[in-house]
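File shown: run_22.txt (compact mmCIF, C-alpha atoms).
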```
# COMPACT_ATOMS: atom_id res chain seq x y z
CA SER A 1 0.00 0.00 0.00
CA ALA A 2 1.00 3.63 -0.47
CA VAL A 3 2.82 5.58 2.21
CA ILE A 4 0.69 8.57 3.16
CA SER A 5 1.72 11.47 5.36
CA GLN A 6 -0.20 14.45 6.66
CA LYS A 7 0.87 17.77 8.11
CA PRO A 8 0.27 19.00 10.71
CA SER A 9 -0.50 16.01 12.89
CA ARG A 10 -2.43 18.27 15.23
CA ASP A 11 -3.19 21.93 15.77
CA ILE A 12 -5.09 24.23 18.06
CA CYS A 13 -6.67 27.22 16.32
CA GLN A 14 -8.71 30.23 17.27
CA ARG A 15 -12.20 30.62 15.92
CA GLY A 16 -12.44 32.64 12.75
CA THR A 17 -9.03 31.56 11.49
CA SER A 18 -8.23 28.87 8.90
CA LEU A 19 -6.10 25.75 8.87
CA THR A 20 -4.55 24.15 5.80
CA ILE A 21 -3.80 20.45 5.98
CA GLN A 22 -1.38 18.78 3.62
CA CYS A 23 -1.50 15.22 2.35
CA GLN A 24 1.50 13.66 0.60
CA VAL A 25 1.57 10.23 -1.08
CA ASP A 26 4.67 8.33 -2.18
CA SER A 27 3.11 7.27 -5.48
CA GLN A 28 0.95 8.89 -8.11
CA VAL A 29 -2.79 8.46 -7.59
CA THR A 30 -5.68 9.70 -9.64
CA MET A 31 -8.02 10.40 -6.76
CA MET A 32 -7.50 11.52 -3.21
CA PHE A 33 -10.28 11.67 -0.66
CA TRP A 34 -10.74 13.93 2.35
CA TYR A 35 -12.72 12.73 5.38
CA ARG A 36 -13.82 14.24 8.65
CA GLN A 37 -14.11 12.20 11.84
CA GLN A 38 -15.84 14.08 14.60
CA PRO A 39 -15.09 12.99 18.19
CA GLY A 40 -16.36 9.47 18.80
CA GLN A 41 -17.99 9.33 15.37
CA SER A 42 -17.58 7.59 12.06
CA LEU A 43 -15.83 8.90 8.97
CA THR A 44 -17.70 11.26 6.67
CA LEU A 45 -16.48 11.97 3.16
CA ILE A 46 -15.96 15.67 2.56
CA ALA A 47 -14.80 15.66 -1.06
CA THR A 48 -12.84 13.90 -3.76
CA ALA A 49 -9.75 15.75 -4.98
CA ASN A 50 -9.07 15.22 -8.67
CA GLN A 51 -5.87 16.34 -10.31
CA GLY A 52 -6.48 18.93 -12.96
CA SER A 53 -10.10 19.60 -12.11
CA GLU A 54 -12.28 20.98 -9.35
CA ALA A 55 -12.85 18.87 -6.29
CA THR A 56 -16.17 17.09 -5.99
CA TYR A 57 -17.95 17.86 -2.73
CA GLU A 58 -20.41 15.68 -0.87
CA SER A 59 -23.76 16.89 0.33
CA GLY A 60 -23.38 19.26 3.26
CA PHE A 61 -19.85 20.36 2.37
CA VAL A 62 -19.08 23.46 0.29
CA ILE A 63 -15.99 24.80 -1.40
CA ASP A 64 -16.06 28.11 0.48
CA LYS A 65 -15.71 26.30 3.80
CA PHE A 66 -13.42 23.47 2.62
CA PRO A 67 -11.33 24.65 -0.34
CA ILE A 68 -9.15 21.89 -1.77
CA SER A 69 -6.09 22.02 -3.98
CA ARG A 70 -4.62 19.18 -6.01
CA PRO A 71 -1.57 20.53 -7.84
CA ASN A 72 -0.15 17.12 -8.81
CA LEU A 73 -0.75 13.39 -8.52
CA THR A 74 1.01 13.00 -5.16
CA PHE A 75 -0.20 15.98 -3.15
CA SER A 76 -3.37 17.68 -1.95
CA THR A 77 -4.37 20.27 0.60
CA LEU A 78 -7.61 20.78 2.49
CA THR A 79 -8.30 24.14 4.10
CA VAL A 80 -10.90 24.44 6.83
CA SER A 81 -11.97 28.08 6.76
CA ASN A 82 -13.60 30.42 9.23
CA LEU A 83 -13.13 27.95 12.05
CA SER A 84 -15.70 27.38 14.76
CA PRO A 85 -15.58 24.91 17.68
CA GLU A 86 -17.85 22.59 15.68
CA ASP A 87 -14.98 22.07 13.23
CA SER A 88 -12.96 20.33 15.95
CA SER A 89 -12.38 16.92 14.39
CA ILE A 90 -9.82 14.62 12.92
CA TYR A 91 -9.33 15.21 9.20
CA LEU A 92 -7.97 12.31 7.16
CA CYS A 93 -6.94 11.92 3.56
CA SER A 94 -7.12 8.60 1.79
CA VAL A 95 -6.03 7.15 -1.52
CA PRO A 96 -7.14 4.12 -3.52
CA GLY A 97 -5.04 0.98 -3.55
CA GLN A 98 -2.98 -0.05 -6.54
CA GLY A 99 -5.66 -2.31 -7.96
CA SER A 100 -9.16 -1.31 -8.96
CA ASN A 101 -10.75 -3.23 -6.11
CA GLY A 102 -11.95 -0.13 -4.32
CA GLU A 103 -9.78 -0.41 -1.23
CA GLN A 104 -8.67 2.84 0.35
CA PHE A 105 -5.74 3.56 2.60
CA PHE A 106 -5.73 6.37 5.08
CA GLY A 107 -3.23 8.95 6.17
CA PRO A 108 -2.48 9.33 9.90
CA GLY A 109 -4.96 12.18 10.28
CA THR A 110 -4.81 15.76 11.54
CA ARG A 111 -6.42 16.47 14.89
CA LEU A 112 -7.88 19.98 14.90
CA THR A 113 -9.09 21.70 18.04
CA VAL A 114 -10.84 25.05 17.70
CA LEU A 115 -11.05 27.27 20.75
CA GLY B 1 -29.30 8.88 -0.12
CA GLU B 2 -27.03 5.90 0.37
CA ASN B 3 -26.81 4.58 3.91
CA VAL B 4 -24.93 1.94 5.86
CA GLU B 5 -26.27 0.86 9.25
CA GLN B 6 -24.05 -0.97 11.72
CA HIS B 7 -24.90 -2.91 14.89
CA PRO B 8 -24.15 -3.15 17.70
CA SER B 9 -22.56 0.16 18.65
CA THR B 10 -20.67 -1.50 21.51
CA LEU B 11 -19.76 -5.13 22.05
CA SER B 12 -17.99 -6.78 24.95
CA VAL B 13 -16.89 -10.40 24.69
CA GLN B 14 -14.80 -12.76 26.79
CA GLU B 15 -11.34 -13.42 25.49
CA GLY B 16 -11.42 -16.53 23.33
CA ASP B 17 -15.08 -16.12 22.39
CA SER B 18 -16.36 -14.96 19.00
CA ALA B 19 -17.58 -11.50 18.03
CA VAL B 20 -20.03 -10.68 15.26
CA ILE B 21 -20.75 -7.24 13.85
CA LYS B 22 -23.56 -6.72 11.34
CA CYS B 23 -24.20 -4.11 8.67
CA THR B 24 -26.91 -3.37 6.16
CA TYR B 25 -26.65 -1.13 3.13
CA SER B 26 -29.20 0.64 0.98
CA ASP B 27 -27.59 1.01 -2.45
CA SER B 28 -28.34 -2.10 -4.50
CA ALA B 29 -25.51 -1.14 -6.88
CA SER B 30 -22.86 -1.41 -4.12
CA ASN B 31 -20.36 -4.12 -4.96
CA TYR B 32 -17.45 -3.63 -2.58
CA PHE B 33 -17.60 -4.01 1.22
CA PRO B 34 -14.49 -3.30 3.29
CA TRP B 35 -14.01 -3.51 7.04
CA TYR B 36 -11.69 -1.18 8.92
CA LYS B 37 -10.20 -1.43 12.39
CA GLN B 38 -9.32 1.78 14.23
CA GLU B 39 -7.31 1.68 17.39
CA LEU B 40 -7.36 4.64 19.73
CA GLY B 41 -5.55 7.63 18.24
CA LYS B 42 -4.65 5.79 15.04
CA ARG B 43 -5.80 5.76 11.44
CA PRO B 44 -8.38 3.25 10.18
CA GLN B 45 -6.72 0.09 8.87
CA LEU B 46 -8.29 -2.16 6.24
CA ILE B 47 -8.56 -5.66 7.73
CA ILE B 48 -10.69 -7.54 5.22
CA ASP B 49 -12.97 -6.82 2.29
CA ILE B 50 -15.39 -8.67 0.08
CA ARG B 51 -16.80 -8.11 -3.36
CA SER B 52 -20.35 -8.83 -4.43
CA ASN B 53 -19.47 -11.89 -6.48
CA VAL B 54 -18.36 -13.72 -3.32
CA GLY B 55 -20.51 -14.84 -0.39
CA GLU B 56 -17.80 -15.38 2.18
CA LYS B 57 -14.14 -14.60 2.69
CA LYS B 58 -11.84 -15.69 5.48
CA ASP B 59 -8.44 -14.56 6.66
CA GLN B 60 -7.16 -16.42 9.71
CA ARG B 61 -9.42 -15.46 12.62
CA ILE B 62 -11.57 -13.00 10.73
CA ALA B 63 -14.25 -13.69 8.16
CA VAL B 64 -16.81 -11.66 6.31
CA THR B 65 -20.11 -12.88 4.90
CA LEU B 66 -22.29 -11.11 2.36
CA ASN B 67 -25.96 -11.60 1.51
CA LYS B 68 -26.65 -9.42 -1.50
CA THR B 69 -30.32 -10.28 -1.63
CA ALA B 70 -30.88 -9.05 1.89
CA LYS B 71 -28.20 -6.32 1.62
CA HIS B 72 -26.50 -7.62 4.75
CA PHE B 73 -22.85 -8.23 5.49
CA SER B 74 -21.17 -9.29 8.69
CA LEU B 75 -17.73 -9.47 10.29
CA HIS B 76 -16.87 -12.51 12.38
CA ILE B 77 -13.86 -12.61 14.68
CA THR B 78 -13.10 -15.97 16.29
CA GLU B 79 -10.85 -16.76 19.26
CA THR B 80 -10.78 -13.09 20.24
CA GLN B 81 -7.64 -11.67 21.81
CA PRO B 82 -7.00 -8.46 23.79
CA GLU B 83 -5.42 -6.84 20.72
CA ASP B 84 -8.75 -7.16 18.92
CA SER B 85 -10.11 -4.36 21.13
CA ALA B 86 -10.77 -1.41 18.82
CA VAL B 87 -13.50 0.36 16.89
CA TYR B 88 -14.58 -1.50 13.75
CA PHE B 89 -16.22 0.20 10.78
CA CYS B 90 -18.02 -1.47 7.92
CA ALA B 91 -18.33 0.36 4.62
CA ALA B 92 -19.94 -0.05 1.23
CA SER B 93 -19.08 1.34 -2.16
CA ILE B 94 -21.37 4.00 -3.55
CA GLY B 95 -22.75 2.66 -6.77
CA SER B 96 -20.74 0.25 -8.84
CA SER B 97 -17.66 2.40 -9.37
CA ALA B 98 -16.05 1.30 -6.10
CA SER B 99 -14.09 4.54 -5.98
CA LYS B 100 -16.13 6.06 -3.12
CA ILE B 101 -17.22 4.33 0.04
CA ILE B 102 -19.66 5.20 2.80
CA PHE B 103 -19.00 4.12 6.37
CA GLY B 104 -21.18 2.60 9.03
CA SER B 105 -21.37 4.21 12.45
CA GLY B 106 -18.80 1.92 14.05
CA THR B 107 -18.70 -0.77 16.74
CA ARG B 108 -16.54 -0.43 19.80
CA LEU B 109 -15.31 -3.95 20.61
CA SER B 110 -13.90 -4.70 24.04
CA ILE B 111 -12.29 -8.02 24.89
CA ARG B 112 -12.59 -9.00 28.55
CA PRO B 113 -9.58 -10.93 29.93
```

Kindly transcribe the structure held in the file into structure tokens.
Amino acid sequence: SAVISQKPSRDICQRGTSLTIQCQVDSQVTMMFWYRQQPGQSLTLIATANQGSEATYESGFVIDKFPISRPNLTFSTLTVSNLSPEDSSIYLCSVPGQGSNGEQFFGPGTRLTVL
Amino acid sequence: GENVEQHPSTLSVQEGDSAVIKCTYSDSASNYFPWYKQELGKRPQLIIDIRSNVGEKKDQRIAVTLNKTAKHFSLHITETQPEDSAVYFCAASIGSSASKIIFGSGTRLSIRP
């Protein structure tokens, strides 16, 4: 499976500010996914980051709040804008496996706390 | 929209006994069903998966069964050990593309010594 890293691993931010999270993969992948995991909850897909095109957002998530960049096939960023305490979560990126089976592998996550 | 329901939300079993976690899905086009294990403070790890053309798959102490007609799939862990304690998530692909998956709500499994 791919080696996936995220930066930062954790951060504490003030409300009203923004945090940009980076996801780096050691191999080229067509799609990268961004998830949110609220405390004690399951994983919710925020958007799919496609290289060379706009990200595709899931219902309930909008580009103004969660802008995404995908400059190349190994890197993506997710920005969480205009932070509020409700944004306190773990944010994870994931990438598909090498085959076309559908498996996904996750980065280590970024724990965000908003004060 | 698409939905995956998972039960139970918590499960406590005696070490050495078996554990079963059940999920149902709503999208009849789903054809890929992975299971993830998430230990405290760590990322979800894929432990086993099954595709819709197979009814059962086994890997050592873990097995997954799929009933496409009923839209049910289950995770079975036999001879449970303390290191099996974690949160387990089922998931199902959205549609037939298998590129996006939707997760169940999770099951917190505790193994009693």

Review point. Residues at most 6 Å from stretch 11-13 of chain B, counting all atoms listed in the file, excluding those fewer than 3 positions away in the same chain, as number ranges by chain?
Key: B: 109-112

Emit the selected residues as a compact mmCIF listing (two decimals), keeping the file's coordinate frame, including C-alpha atoms.
```
# COMPACT_ATOMS: atom_id res chain seq x y z
CA LEU B 109 -15.31 -3.95 20.61
CA SER B 110 -13.90 -4.70 24.04
CA ILE B 111 -12.29 -8.02 24.89
CA ARG B 112 -12.59 -9.00 28.55
```

Review point. What is the distance, in Å and to one decimal place, between atom CA of B:Gly1 and atom CA of B:Asp27?
Key: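 Separating atom CA of B:Gly1 from atom CA of B:Asp27 is a distance of 8.4 Å.
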
Review point. Of the residues A:Gly52, A:Ile4, A:Ser81, A:Leu19, which is the one nearest to chain B, using only C-alpha atoms?
Key: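 Of A:Gly52, A:Ile4, A:Ser81, A:Leu19, the one nearest chain B is A:Ile4, counting only C-alpha atoms.
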
Practice item. Find the residues near A:Asp64: any atom within 9 Å, counting all atoms listed in the file, skip ones fewer than 2 places away on the same chain, and give them as a list of chain:residue names. Key: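 Counting only the stated atoms, we get A:Phe61, A:Val62, A:Phe66, A:Pro67, A:Val80, A:Ser81.
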
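Interface residues on chain A toward chain B (cut-off 8 Å, all atoms listed in the file): Gln41, Ser42, Leu43, Thr44, Leu45, Pro96, Ser100, Asn101, Gly102, Glu103, Gln104, Phe105, Phe106, Gly107, Pro108 and Gly109 of chain A.
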
Practice item. Between atom CA of B:Ser28 and atom CA of B:Asn67, measure the distance and give it in Å to one decimal. Key: 11.5 Å

Practice item. Rounded to one decimal place, report the atom CA of A:Pro71-atom CA of A:Gln51 distance in Å. Key: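 Separating atom CA of A:Pro71 from atom CA of A:Gln51 is a distance of 6.5 Å.
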
Point to revise | Residue neighbourhood B:Ile77, 8 Å, all atoms listed in the file, exclusion window fewer than 4 positions, as a PyMOL selection string | key: chain B and resi 18-20+61-63

Point to revise | Given all atoms listed in the file as the counted atoms, nearest of A:Ser76, A:Ser88, A:Ser69, A:Thr56 to A:Cys23 | key: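 Closest residue, counting all atoms listed in the file: A:Ser76.
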
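Closest to A:Lys7 among A:Asn72, A:Gln38, A:Thr30, A:Thr77 is A:Thr77, based on only C-alpha atoms.
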